[in-house]
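Structure data follow from target.cif (mmCIF, C-alpha atoms):
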```cif
data_protein
#
loop_
_atom_site.label_atom_id
_atom_site.label_comp_id
_atom_site.auth_asym_id
_atom_site.auth_seq_id
_atom_site.Cartn_x
_atom_site.Cartn_y
_atom_site.Cartn_z
CA MET A 1 105.47 100.97 -10.14
CA THR A 2 102.50 100.82 -7.79
CA SER A 3 100.57 97.58 -7.37
CA TRP A 4 97.43 99.34 -8.71
CA THR A 5 99.23 100.34 -11.89
CA LEU A 6 100.58 96.83 -12.38
CA ARG A 7 97.14 95.28 -11.84
CA ASN A 8 95.64 97.74 -14.31
CA PHE A 9 98.34 96.89 -16.84
CA LEU A 10 97.91 93.15 -16.42
CA SER A 11 94.17 93.51 -16.98
CA HIS A 12 94.91 94.25 -20.65
CA GLY A 13 95.46 90.59 -21.44
CA ASN A 14 95.07 87.04 -20.21
CA ALA A 15 98.71 86.25 -20.92
CA ALA A 16 101.14 87.09 -18.15
CA VAL A 17 103.29 90.10 -18.98
CA SER A 18 106.04 91.98 -17.29
CA CYS A 19 107.30 95.51 -17.46
CA CYS A 20 110.64 96.12 -19.12
CA SER A 21 113.01 99.08 -19.19
CA ARG A 22 111.31 100.43 -22.31
CA LEU A 23 107.96 100.87 -20.58
CA TYR A 24 106.34 103.88 -19.02
CA PHE A 25 102.72 104.64 -18.25
CA HIS A 26 100.12 107.32 -18.67
CA GLN A 27 98.29 108.45 -15.56
CA THR A 28 95.48 106.12 -16.59
CA GLY A 29 97.83 103.16 -16.25
CA VAL A 30 97.69 102.37 -19.96
CA CYS A 31 100.98 101.18 -21.43
CA LYS A 32 102.28 103.74 -23.91
CA VAL A 33 104.76 101.51 -25.68
CA ALA A 34 104.80 97.83 -26.45
CA CYS A 35 105.37 95.43 -23.57
CA GLN A 36 107.29 92.20 -23.63
CA ALA A 37 105.39 88.98 -23.07
CA GLU A 38 106.69 87.00 -20.11
CA THR A 39 104.96 83.74 -20.96
CA GLY A 40 104.06 82.42 -24.37
CA PHE A 41 100.89 83.11 -26.21
CA LYS A 42 99.11 79.77 -26.63
CA PRO A 43 95.63 80.01 -28.17
CA SER A 44 93.58 76.85 -28.64
CA LYS A 45 91.30 78.25 -31.39
CA VAL A 46 92.34 80.60 -34.18
CA ALA A 47 90.24 82.07 -36.97
CA VAL A 48 92.14 82.77 -40.20
CA VAL A 49 90.35 85.46 -42.20
CA THR A 50 91.44 85.55 -45.84
CA LYS A 51 91.19 88.32 -48.38
CA THR A 52 89.27 88.13 -51.64
CA THR A 53 91.86 88.05 -54.41
CA ARG A 54 91.35 90.03 -57.60
CA TYR A 55 90.94 86.73 -59.46
CA GLU A 56 88.11 85.69 -57.11
CA PHE A 57 86.56 89.13 -57.33
CA GLU A 58 86.44 89.05 -61.12
CA GLN A 59 84.88 85.58 -61.03
CA GLN A 60 82.22 86.72 -58.56
CA ARG A 61 81.65 89.93 -60.49
CA TYR A 62 80.57 88.07 -63.61
CA PHE A 63 79.06 85.07 -61.85
CA TYR A 64 75.52 85.72 -63.07
CA ALA A 65 76.76 86.27 -66.61
CA GLU A 66 77.85 82.60 -66.53
CA LEU A 67 81.07 83.34 -68.38
CA SER A 68 83.39 80.50 -69.26
CA GLU A 69 87.05 80.78 -68.26
CA GLU A 70 87.91 81.59 -71.88
CA GLU A 71 85.30 84.35 -71.99
CA LEU A 72 86.62 85.73 -68.71
CA LYS A 73 90.16 85.78 -70.17
CA GLN A 74 88.93 87.75 -73.17
CA LEU A 75 86.98 90.20 -71.02
CA LEU A 76 89.97 90.84 -68.76
CA ALA A 77 92.18 91.33 -71.81
CA LEU A 78 89.82 94.01 -73.08
CA LYS A 79 90.27 95.84 -69.77
CA GLY A 80 94.06 95.53 -69.96
CA SER A 81 94.24 92.90 -67.20
CA SER A 82 96.08 89.63 -67.45
CA TYR A 83 94.04 86.54 -66.57
CA PHE A 84 97.19 84.50 -65.95
CA GLY A 85 98.71 87.28 -63.86
CA LEU A 86 95.64 87.42 -61.61
CA LEU A 87 95.60 83.63 -61.36
CA GLU A 88 99.28 83.60 -60.38
CA ARG A 89 98.74 86.13 -57.57
CA HIS A 90 95.69 84.15 -56.43
CA ASN A 91 97.75 80.95 -56.26
CA ILE A 92 100.52 82.69 -54.29
CA HIS A 93 97.97 83.98 -51.77
CA THR A 94 96.27 80.57 -51.51
CA HIS A 95 99.62 78.82 -50.98
CA ASN A 96 100.58 81.22 -48.19
CA VAL A 97 97.20 80.82 -46.47
CA GLY A 98 97.73 77.05 -46.58
CA HIS A 99 101.17 77.56 -45.04
CA ILE A 100 99.65 79.52 -42.15
CA VAL A 101 96.90 76.96 -41.54
CA ASP A 102 99.27 73.96 -41.70
CA ASN A 103 101.63 75.46 -39.13
CA LEU A 104 98.79 76.37 -36.77
CA GLN A 105 97.41 72.84 -36.95
CA LYS A 106 100.87 71.34 -36.34
CA GLU A 107 100.85 73.19 -33.03
CA GLY A 108 97.58 71.48 -32.12
CA ILE A 109 95.52 74.62 -32.65
CA GLU A 110 91.96 74.34 -33.94
CA VAL A 111 91.67 76.46 -37.07
CA ARG A 112 88.65 77.96 -38.80
CA VAL A 113 89.33 79.51 -42.24
CA VAL A 114 86.87 82.28 -43.08
CA LYS A 115 86.50 84.35 -46.24
CA ARG A 116 86.29 88.05 -45.51
CA ARG A 117 82.67 88.29 -46.65
CA GLU A 118 81.76 85.48 -44.22
CA TYR A 119 83.62 87.05 -41.29
CA ASP A 120 81.23 88.08 -38.53
CA GLU A 121 80.84 88.57 -34.77
CA ASP A 122 80.24 84.84 -34.23
CA THR A 123 83.69 84.10 -35.66
CA VAL A 124 85.24 86.67 -33.32
CA ARG A 125 83.51 85.17 -30.28
CA TRP A 126 84.61 81.63 -31.22
CA ALA A 127 88.31 82.44 -31.64
CA ASP A 128 90.99 82.99 -28.99
CA ALA A 129 92.94 84.94 -31.59
CA ILE A 130 92.44 86.03 -35.19
CA VAL A 131 94.94 85.90 -38.03
CA SER A 132 94.37 88.30 -40.91
CA ALA A 133 95.67 86.64 -44.11
CA GLY A 134 95.92 89.26 -46.81
CA GLY A 135 97.15 92.85 -46.72
CA ASP A 136 96.40 96.01 -44.77
CA GLY A 137 92.83 96.14 -46.08
CA THR A 138 92.09 92.68 -44.70
CA MET A 139 93.63 93.66 -41.37
CA LEU A 140 91.40 96.75 -41.18
CA LEU A 141 88.32 94.65 -41.86
CA VAL A 142 89.31 92.05 -39.27
CA ALA A 143 89.96 94.72 -36.64
CA SER A 144 86.61 96.42 -37.30
CA LYS A 145 84.65 93.56 -35.70
CA VAL A 146 86.91 92.97 -32.67
CA PHE A 147 85.65 94.85 -29.61
CA ASP A 148 87.44 92.82 -26.92
CA LYS A 149 90.77 94.52 -26.30
CA ASN A 150 92.16 91.28 -24.86
CA LYS A 151 91.65 89.34 -28.11
CA PRO A 152 94.85 89.47 -30.23
CA VAL A 153 94.79 90.18 -33.95
CA ILE A 154 97.82 89.14 -36.01
CA ALA A 155 98.22 90.14 -39.65
CA VAL A 156 100.24 88.19 -42.23
CA ASN A 157 100.92 89.63 -45.68
CA THR A 158 100.08 86.80 -48.11
CA ASP A 159 101.35 88.62 -51.22
CA PRO A 160 104.25 90.84 -50.11
CA GLU A 161 105.46 91.47 -53.67
CA ARG A 162 102.24 93.31 -54.46
CA SER A 163 101.24 94.68 -51.05
CA GLU A 164 103.12 96.95 -48.64
CA GLY A 165 101.58 95.47 -45.49
CA HIS A 166 102.40 98.17 -42.92
CA LEU A 167 100.07 96.51 -40.40
CA CYS A 168 101.39 93.00 -41.03
CA LEU A 169 104.22 90.96 -39.53
CA PRO A 170 107.63 91.41 -41.18
CA VAL A 171 107.69 89.88 -44.66
CA ARG A 172 109.97 86.97 -43.75
CA TYR A 173 107.21 85.43 -41.61
CA THR A 174 104.99 85.06 -44.67
CA HIS A 175 107.14 82.12 -45.75
CA ALA A 176 108.33 81.17 -42.26
CA PHE A 177 105.17 81.37 -40.19
CA SER A 178 106.42 78.50 -38.03
CA ASP A 179 109.18 80.85 -36.78
CA ALA A 180 106.54 83.41 -35.80
CA LEU A 181 104.56 80.72 -33.94
CA GLN A 182 107.64 79.61 -32.03
CA LYS A 183 108.34 83.18 -30.96
CA LEU A 184 104.74 83.51 -29.82
CA ARG A 185 104.96 80.23 -27.91
CA LYS A 186 108.18 81.28 -26.16
CA GLY A 187 107.02 84.81 -25.40
CA ASP A 188 109.73 86.25 -27.65
CA PHE A 189 107.56 89.13 -28.84
CA SER A 190 105.92 92.34 -27.68
CA TRP A 191 102.28 93.24 -27.26
CA GLN A 192 101.10 96.48 -28.76
CA TRP A 193 97.75 98.11 -28.02
CA ARG A 194 96.73 100.39 -30.86
CA GLN A 195 94.36 103.29 -30.26
CA ARG A 196 91.10 103.28 -32.25
CA ILE A 197 88.57 105.98 -33.00
CA ARG A 198 85.10 105.82 -31.46
CA MET A 199 82.23 107.66 -33.16
CA HIS A 200 78.87 108.83 -31.82
CA LEU A 201 76.09 110.22 -34.02
CA GLU A 202 73.21 112.45 -32.97
CA GLY A 203 70.86 114.97 -34.53
CA THR A 204 68.17 114.85 -37.19
CA GLY A 205 67.63 112.03 -39.66
CA ILE A 206 70.41 109.89 -38.24
CA ASN A 207 70.80 106.35 -39.52
CA PRO A 208 73.47 104.35 -37.65
CA THR A 209 73.24 101.44 -40.12
CA PRO A 210 76.53 101.11 -42.06
CA VAL A 211 77.00 100.42 -45.76
CA ASP A 212 79.81 97.89 -46.19
CA LEU A 213 82.16 98.92 -48.99
CA HIS A 214 84.71 96.11 -48.59
CA GLU A 215 83.15 93.68 -51.04
CA GLN A 216 81.52 96.24 -53.34
CA GLN A 217 82.69 98.57 -56.07
CA LEU A 218 79.91 101.11 -55.90
CA SER A 219 79.38 103.99 -58.25
CA LEU A 220 78.39 107.31 -56.69
CA GLU A 221 74.75 106.63 -57.57
CA GLN A 222 74.89 103.10 -56.11
CA HIS A 223 76.54 104.41 -52.94
CA SER A 224 73.84 107.04 -52.43
CA LYS A 225 71.13 104.48 -53.19
CA ALA A 226 72.56 102.05 -50.65
CA HIS A 227 72.31 104.71 -47.96
CA ARG A 228 68.76 105.62 -49.02
CA VAL A 229 67.69 101.95 -48.90
CA THR A 230 69.03 101.44 -45.38
CA THR A 231 67.47 104.72 -44.25
CA GLU A 232 64.06 103.82 -45.67
CA ALA A 233 64.22 100.29 -44.27
CA GLN A 234 64.73 101.66 -40.77
CA ARG A 235 62.49 104.71 -41.10
CA SER A 236 60.15 103.55 -38.33
CA ALA A 237 63.06 103.02 -35.95
CA THR A 238 65.09 106.02 -37.04
CA HIS A 239 64.11 109.23 -35.32
CA ASN A 240 65.96 112.28 -34.17
CA TYR A 241 68.64 111.14 -31.75
CA THR A 242 68.67 113.55 -28.82
CA THR A 243 71.34 111.43 -27.14
CA PRO A 244 74.46 110.25 -28.99
CA CYS A 245 74.25 106.85 -30.70
CA LEU A 246 77.46 104.79 -30.59
CA LEU A 247 78.33 103.47 -34.06
CA PRO A 248 79.07 99.72 -34.36
CA VAL A 249 82.64 100.09 -35.69
CA ARG A 250 85.97 101.50 -34.53
CA GLY A 251 88.47 103.28 -36.74
CA LEU A 252 91.97 101.80 -36.67
CA ASN A 253 93.46 103.97 -39.43
CA GLU A 254 91.24 106.97 -40.08
CA ILE A 255 87.80 108.33 -40.80
CA PHE A 256 86.90 110.70 -43.61
CA ILE A 257 83.95 113.09 -43.61
CA GLY A 258 82.81 114.81 -46.79
CA GLU A 259 80.48 114.96 -49.76
CA SER A 260 80.24 111.76 -51.79
CA LEU A 261 80.77 113.74 -54.99
CA SER A 262 84.41 114.78 -54.69
CA SER A 263 84.01 117.87 -56.89
CA ARG A 264 81.40 119.32 -54.49
CA ALA A 265 82.63 121.35 -51.51
CA SER A 266 81.82 119.91 -48.08
CA TYR A 267 80.06 122.36 -45.74
CA TYR A 268 80.20 121.63 -42.01
CA GLU A 269 80.96 123.09 -38.60
CA ILE A 270 83.76 121.82 -36.41
CA SER A 271 84.69 122.05 -32.73
CA ILE A 272 88.16 120.95 -31.59
CA ASP A 273 88.62 119.78 -27.98
CA ASP A 274 85.28 121.36 -26.95
CA GLY A 275 86.35 124.71 -28.39
CA PRO A 276 84.09 127.15 -30.30
CA TRP A 277 82.28 125.99 -33.43
CA GLU A 278 83.77 127.15 -36.72
CA LYS A 279 82.03 127.10 -40.13
CA GLN A 280 84.16 125.49 -42.79
CA LYS A 281 84.03 124.60 -46.46
CA SER A 282 86.65 122.25 -47.81
CA SER A 283 87.27 119.05 -49.78
CA GLY A 284 86.55 117.10 -46.63
CA LEU A 285 87.96 116.26 -43.22
CA SER A 286 90.39 113.43 -42.39
CA ILE A 287 90.96 112.25 -38.80
CA CYS A 288 93.58 109.57 -38.12
CA THR A 289 95.15 107.61 -35.28
CA GLY A 290 98.87 106.98 -34.84
CA THR A 291 98.39 103.77 -36.81
CA GLY A 292 96.91 105.74 -39.70
CA SER A 293 99.44 108.56 -39.52
CA LYS A 294 101.63 106.66 -42.00
CA ALA A 295 98.78 106.13 -44.44
CA TRP A 296 96.34 108.52 -46.18
CA SER A 297 96.85 111.34 -43.68
CA TYR A 298 100.59 111.29 -44.32
CA ASN A 299 100.10 111.58 -48.07
CA ILE A 300 97.58 114.42 -47.63
CA ASN A 301 100.00 116.51 -45.60
CA LYS A 302 103.55 115.57 -46.62
CA LEU A 303 105.78 118.08 -48.37
CA VAL A 304 108.00 117.40 -51.37
CA ALA A 305 111.53 118.77 -51.63
CA GLN A 306 110.56 121.16 -54.44
CA ALA A 307 107.96 122.91 -52.23
CA VAL A 308 110.41 123.17 -49.33
CA GLU A 309 113.07 124.65 -51.61
CA ASP A 310 110.61 127.25 -52.91
CA VAL A 311 109.59 128.27 -49.36
CA LEU A 312 113.21 128.48 -48.17
CA ARG A 313 114.13 130.57 -51.20
CA ILE A 314 111.29 133.02 -50.50
CA GLY A 315 112.24 133.09 -46.81
CA LYS A 316 115.81 133.91 -47.70
CA THR A 317 114.69 136.77 -49.94
CA LYS A 318 112.20 138.20 -47.45
CA THR A 319 114.41 138.01 -44.36
CA GLY A 320 117.84 138.55 -45.82
CA LEU A 321 119.09 135.59 -43.78
CA ASN A 322 121.82 133.42 -45.17
CA ILE A 323 119.72 130.28 -45.53
CA PRO A 324 121.67 127.55 -47.34
CA LEU A 325 119.75 126.10 -50.27
CA ASN A 326 121.88 123.05 -50.97
CA GLN A 327 120.27 119.66 -51.48
CA GLU A 328 121.32 118.35 -48.06
CA VAL A 329 119.54 121.15 -46.18
CA ILE A 330 116.42 120.92 -48.35
CA GLU A 331 116.15 117.17 -47.87
CA SER A 332 116.80 117.49 -44.13
CA VAL A 333 114.02 120.07 -43.66
CA THR A 334 111.63 118.03 -45.82
CA GLU A 335 112.32 114.87 -43.87
CA ALA A 336 111.97 116.63 -40.50
CA TYR A 337 108.58 118.08 -41.43
CA ASN A 338 107.24 114.84 -42.83
CA GLU A 339 108.41 112.88 -39.78
CA SER A 340 106.48 115.31 -37.56
CA LEU A 341 103.26 114.00 -39.12
CA ILE A 342 103.87 110.47 -37.80
CA PHE A 343 103.12 109.46 -34.21
CA SER A 344 102.91 106.25 -32.22
CA PRO A 345 99.87 103.94 -32.54
CA GLU A 346 99.64 103.90 -28.73
CA GLU A 347 99.38 107.67 -28.27
CA LYS A 348 95.95 108.79 -27.13
CA LYS A 349 95.36 111.53 -29.68
CA VAL A 350 94.17 111.96 -33.24
CA PHE A 351 95.51 114.06 -36.08
CA PHE A 352 92.97 116.01 -38.14
CA SER A 353 93.48 117.44 -41.62
CA VAL A 354 91.18 119.89 -43.40
CA ARG A 355 91.64 119.19 -47.08
CA GLU A 356 91.86 122.25 -49.34
CA PRO A 357 89.98 124.69 -47.07
CA ILE A 358 88.00 127.54 -48.61
CA VAL A 359 88.66 130.77 -46.69
CA ASN A 360 86.66 133.97 -47.24
CA ARG A 361 84.58 136.44 -45.22
CA VAL A 362 81.99 133.71 -44.45
CA PHE A 363 84.14 130.62 -43.92
CA SER A 364 87.27 130.50 -41.81
CA ASN A 365 90.00 127.97 -41.09
CA SER A 366 91.92 128.76 -37.94
CA ARG A 367 93.69 125.37 -37.97
CA GLN A 368 94.15 123.35 -41.12
CA ARG A 369 95.75 120.45 -39.29
CA GLY A 370 96.78 119.46 -35.82
CA PHE A 371 96.46 117.07 -32.89
CA ALA A 372 93.35 116.76 -30.75
CA SER A 373 91.73 114.53 -28.15
CA LYS A 374 88.17 115.09 -29.31
CA LEU A 375 86.41 116.53 -32.35
CA CYS A 376 82.77 117.34 -33.01
CA VAL A 377 81.51 117.86 -36.57
CA ARG A 378 78.04 119.13 -37.53
CA SER A 379 77.07 118.38 -41.13
CA ARG A 380 75.60 120.96 -43.49
CA CYS A 381 76.13 118.69 -46.48
CA TRP A 382 73.74 117.43 -49.17
CA ASP A 383 74.95 113.93 -49.91
CA ALA A 384 77.81 113.24 -47.54
CA CYS A 385 79.18 110.24 -45.74
CA MET A 386 81.51 109.33 -42.91
CA VAL A 387 83.79 106.54 -44.09
CA VAL A 388 85.70 104.44 -41.56
CA ASP A 389 88.99 102.87 -42.69
CA GLY A 390 87.89 103.08 -46.30
CA GLY A 391 85.47 100.20 -45.83
CA THR A 392 82.39 101.25 -43.85
CA SER A 393 80.22 104.22 -44.78
CA PHE A 394 77.61 106.09 -42.73
CA GLU A 395 75.21 108.70 -44.05
CA PHE A 396 76.23 112.13 -42.76
CA ASN A 397 73.92 114.84 -44.06
CA ASP A 398 72.50 118.14 -42.83
CA GLY A 399 71.69 118.03 -39.12
CA ALA A 400 73.92 115.10 -38.21
CA ILE A 401 76.52 115.63 -35.48
CA ALA A 402 79.51 113.31 -35.08
CA THR A 403 81.65 113.13 -31.95
CA ILE A 404 85.06 111.55 -32.49
CA SER A 405 87.05 110.41 -29.46
CA LEU A 406 89.42 107.77 -28.08
CA HIS A 407 88.76 105.35 -25.21
CA ASN A 408 91.00 102.80 -23.52
CA GLU A 409 88.41 100.03 -23.85
CA ASP A 410 88.62 100.34 -27.66
CA LEU A 411 92.32 99.45 -27.86
CA LEU A 412 93.31 96.76 -30.37
CA ARG A 413 95.79 94.14 -29.19
CA THR A 414 98.43 93.32 -31.80
CA VAL A 415 101.85 91.69 -31.89
CA ILE A 416 105.32 93.05 -32.63
CA LEU A 417 107.95 90.59 -33.88
CA ASP A 418 111.52 91.60 -34.72
#
```
Encoded form (structure tokens):
Amino acid sequence: MTSWTLRNFLSHGNAAVSCCSRLYFHQTGVCKVACQAETGFKPSKVAVVTKTTRYEFEQQRYFYAELSEEELKQLLALKGSSYFGLLERHNIHTHNVGHIVDNLQKEGIEVRVVKRREYDEDTVRWADAIVSAGGDGTMLLVASKVFDKNKPVIAVNTDPERSEGHLCLPVRYTHAFSDALQKLRKGDFSWQWRQRIRMHLEGTGINPTPVDLHEQQLSLEQHSKAHRVTTEAQRSATHNYTTPCLLPVRGLNEIFIGESLSSRASYYEISIDDGPWEKQKSSGLSICTGTGSKAWSYNINKLVAQAVEDVLRIGKTKTGLNIPLNQEVIESVTEAYNESLIFSPEEKKVFFSVREPIVNRVFSNSRQRGFASKLCVRSRCWDACMVVDGGTSFEFNDGAIATISLHNEDLLRTVILD
């Protein structure tokens, strides 16, 4: 390894790191796989960002109605929800947050506990590291405000019985966070830099002000109104952008582009890796990173064994080949295809999926899915949005052009523990 490459690699973090036999590098010098920490990770200030539990949400939802606890119980019962069940999950989450905070403080670390709706850029600047205490949704929110690739983000699943937590530490550390801290102290862990999507907007009527969906349950009408309000509020400052405007978020999982009304076809033009523009109509466009390739994108594109069996049966009939149709072969082919949809969070590429494309003499679809380094999308929609990680929405109507790309300075620093 050249000294330049090593210096470039070390510049990713303020903790000393070393290269191990598992490592290799892109030409840019960016580590493609996780690297082992040589010295421990020892932050002095940590922000713990906690999720809003369903119990808290329901309380906030009916706050202005001034419902008593008994009235809230009755209202939840009418909706088929259990008050005591929500309270139990809330208490489990609260207990596990307390466990995280106690263990951090025992290590002499200054801790600031922040509710997700209070989490802002000031919190990020204050902290040496950030712990996401919740599930994958909380992790995505936490990551959205971290723009310093040297600032670590660690996710702990505070209710593993009800949340999958793909982006979180292994479940055992929920109840043994002290073990995780000791591994971090000793350097017995690996750093992982996850790629994130950068978005630029340009064109007519652009409004780069986001609508935050994390703490809201908006109807279609409310969602459209929220975009109109932000557009009108910034009318004097919002003109036609002749140069691309960088949006104030990064996509860790995926972005989705399409009409807000799901039954309406989305009309747009797309260019892949600076290729020719192609007119498309579909149910929308999904673009994911390697981190998001196990999430929504995977479920959009995965095949089930029944579909694979049908295709193999037709192939056998059409070709006359002796294709075995036993369960082992069907499951093997299904698994191989579905695994091809998943790629590493460190890989510098995105995977795009055109959902339910409409193909006729006017609209084409040369590639329904595939890998790319860059995508450009020009909107021809009526009431569309570009949603980042399911939590931040940008207006994306006729005349707007989005450029989606990846950049090394947008990497997110996370931790891998065995």
Exercise. Taking into account all atoms listed in the file, which residue in the set A:Asn338, A:Asn207, A:Phe41, A:Lys302 is nearest to Phe189 in chain A?
Worked result: A:Phe41
For this session: Show which residues sit within 12 Å of range 313-317 of chain A, as a PyMOL selection string. Count only C-alpha atoms, and ignore same-chain residues fewer than 6 positions away.
Result: chain A and resi 306-307+323-326+329-330
Problem set entry | Atomic distance CA of Leu104 in chain A - CA of Leu412 in chain A, expressed in Å with one decimal |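 Computing the Euclidean distance for CA of Leu104 in chain A and CA of Leu412 in chain A yields 22.1 Å.
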Exercise. When you draw a straight line from CA of Glu395 in chain A to CA of Lys115 in chain A, how long is it in Å?
Worked result: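 Computing the Euclidean distance for CA of Glu395 in chain A and CA of Lys115 in chain A yields 26.9 Å.
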Exercise. To one decimal place, how far is CA of Cys385 in chain A from CA of Arg369 in chain A in Å?
Worked result: 20.5 Å
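You can rank A:Ile401, A:Leu78, A:Leu213, A:Ile154 by their closest distance to Thr174 in chain A using all atoms listed in the file, and at the top of that list sits A:Ile154.
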Exercise. Which polymer residues have any atom within 6 Å of an atom of Asn253 in chain A, counting all atoms listed in the file, with same-chain residues fewer than 2 positions away left out, as a PyMOL selection string?
Worked result: chain A and resi 251+288-289+291-292+389
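Nearest to Asn408 in chain A of all the residues A:Lys149, A:Tyr267, A:Glu339, A:Gly187 is A:Lys149, based on all atoms listed in the file.
Listed by chain and then by number, the residues chosen by the PyMOL selection byres ((chain A and resi 178) around 10) in this file are His99, Ile100, Asp102, Asn103, Leu104, Lys106, Glu107, Tyr173, Thr174, His175, Ala176, Phe177, Asp179, Ala180, Leu181, Gln182, Lys183 and Leu184 of chain A.
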Residues as selected, C-alpha atoms, written as a PDB file, in the frame of the given file, can you do that?
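Output file selection-v6.pdb follows:
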```pdb
ATOM      1  CA  HIS A  99     101.170  77.560 -45.040  1.00  0.00           C
ATOM      2  CA  ILE A 100      99.650  79.520 -42.150  1.00  0.00           C
ATOM      3  CA  ASP A 102      99.270  73.960 -41.700  1.00  0.00           C
ATOM      4  CA  ASN A 103     101.630  75.460 -39.130  1.00  0.00           C
ATOM      5  CA  LEU A 104      98.790  76.370 -36.770  1.00  0.00           C
ATOM      6  CA  LYS A 106     100.870  71.340 -36.340  1.00  0.00           C
ATOM      7  CA  GLU A 107     100.850  73.190 -33.030  1.00  0.00           C
ATOM      8  CA  TYR A 173     107.210  85.430 -41.610  1.00  0.00           C
ATOM      9  CA  THR A 174     104.990  85.060 -44.670  1.00  0.00           C
ATOM     10  CA  HIS A 175     107.140  82.120 -45.750  1.00  0.00           C
ATOM     11  CA  ALA A 176     108.330  81.170 -42.260  1.00  0.00           C
ATOM     12  CA  PHE A 177     105.170  81.370 -40.190  1.00  0.00           C
ATOM     13  CA  ASP A 179     109.180  80.850 -36.780  1.00  0.00           C
ATOM     14  CA  ALA A 180     106.540  83.410 -35.800  1.00  0.00           C
ATOM     15  CA  LEU A 181     104.560  80.720 -33.940  1.00  0.00           C
ATOM     16  CA  GLN A 182     107.640  79.610 -32.030  1.00  0.00           C
ATOM     17  CA  LYS A 183     108.340  83.180 -30.960  1.00  0.00           C
ATOM     18  CA  LEU A 184     104.740  83.510 -29.820  1.00  0.00           C
TER      19      LEU A 184
END
```
Problem set entry | Closest of A:Lys145, A:Arg172, A:Glu356, A:Phe343 to Ser263 in chain A - atom-to-atom distances counting only C-alpha atoms | A:Glu356
For this session: Choose the residue, out of A:Ser271, A:Asn91, A:Gln280, A:Ser190, that has the smallest atom-to-atom separation from Arg361 in chain A; count only C-alpha atoms.
Result: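 Among A:Ser271, A:Asn91, A:Gln280, A:Ser190, it is A:Gln280 that comes nearest to Arg361 in chain A.
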Problem set entry | Pick from A:Arg54, A:Arg185, A:Lys45, A:Lys349, whichever lies nearest to Trp126 in chain A using all atoms listed in the file |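 The closest residue to Trp126 in chain A is A:Lys45.
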Exercise. Got a sec to resolve the PyMOL selection byres ((chain A and resi 94) around 12) on this structure and send the residues as JSON, numbers by chain?
Worked result: {"A": [50, 51, 52, 53, 55, 56, 87, 88, 89, 90, 91, 92, 93, 95, 96, 97, 98, 99, 100, 101, 113, 115, 133, 134, 157, 158, 159, 174]}
For this session: In the coordinate frame of the file, compute which residues have an atom within 10 Å of (95.0, 91.9, -43.4) when using all atoms listed in the file, and state them as a list in words.
Result: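 Residues found, by chain and rising number: Val49, Thr50, Lys51, Arg116, Val131, Ser132, Ala133, Gly134, Gly135, Asp136, Gly137, Thr138, Met139, Leu140, Leu141, Val142, Ala143, Val153, Ile154, Ala155, Val156, Asn157, Thr158, Gly165, His166, Leu167 and Cys168 of chain A.
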For this session: With the file shown as input, list the residues that the PyMOL selection byres ((chain A and resi 210) around 8) selects, as an MDAnalysis selection string.
Result: chainID A and resid 208:209 211:212 392:395
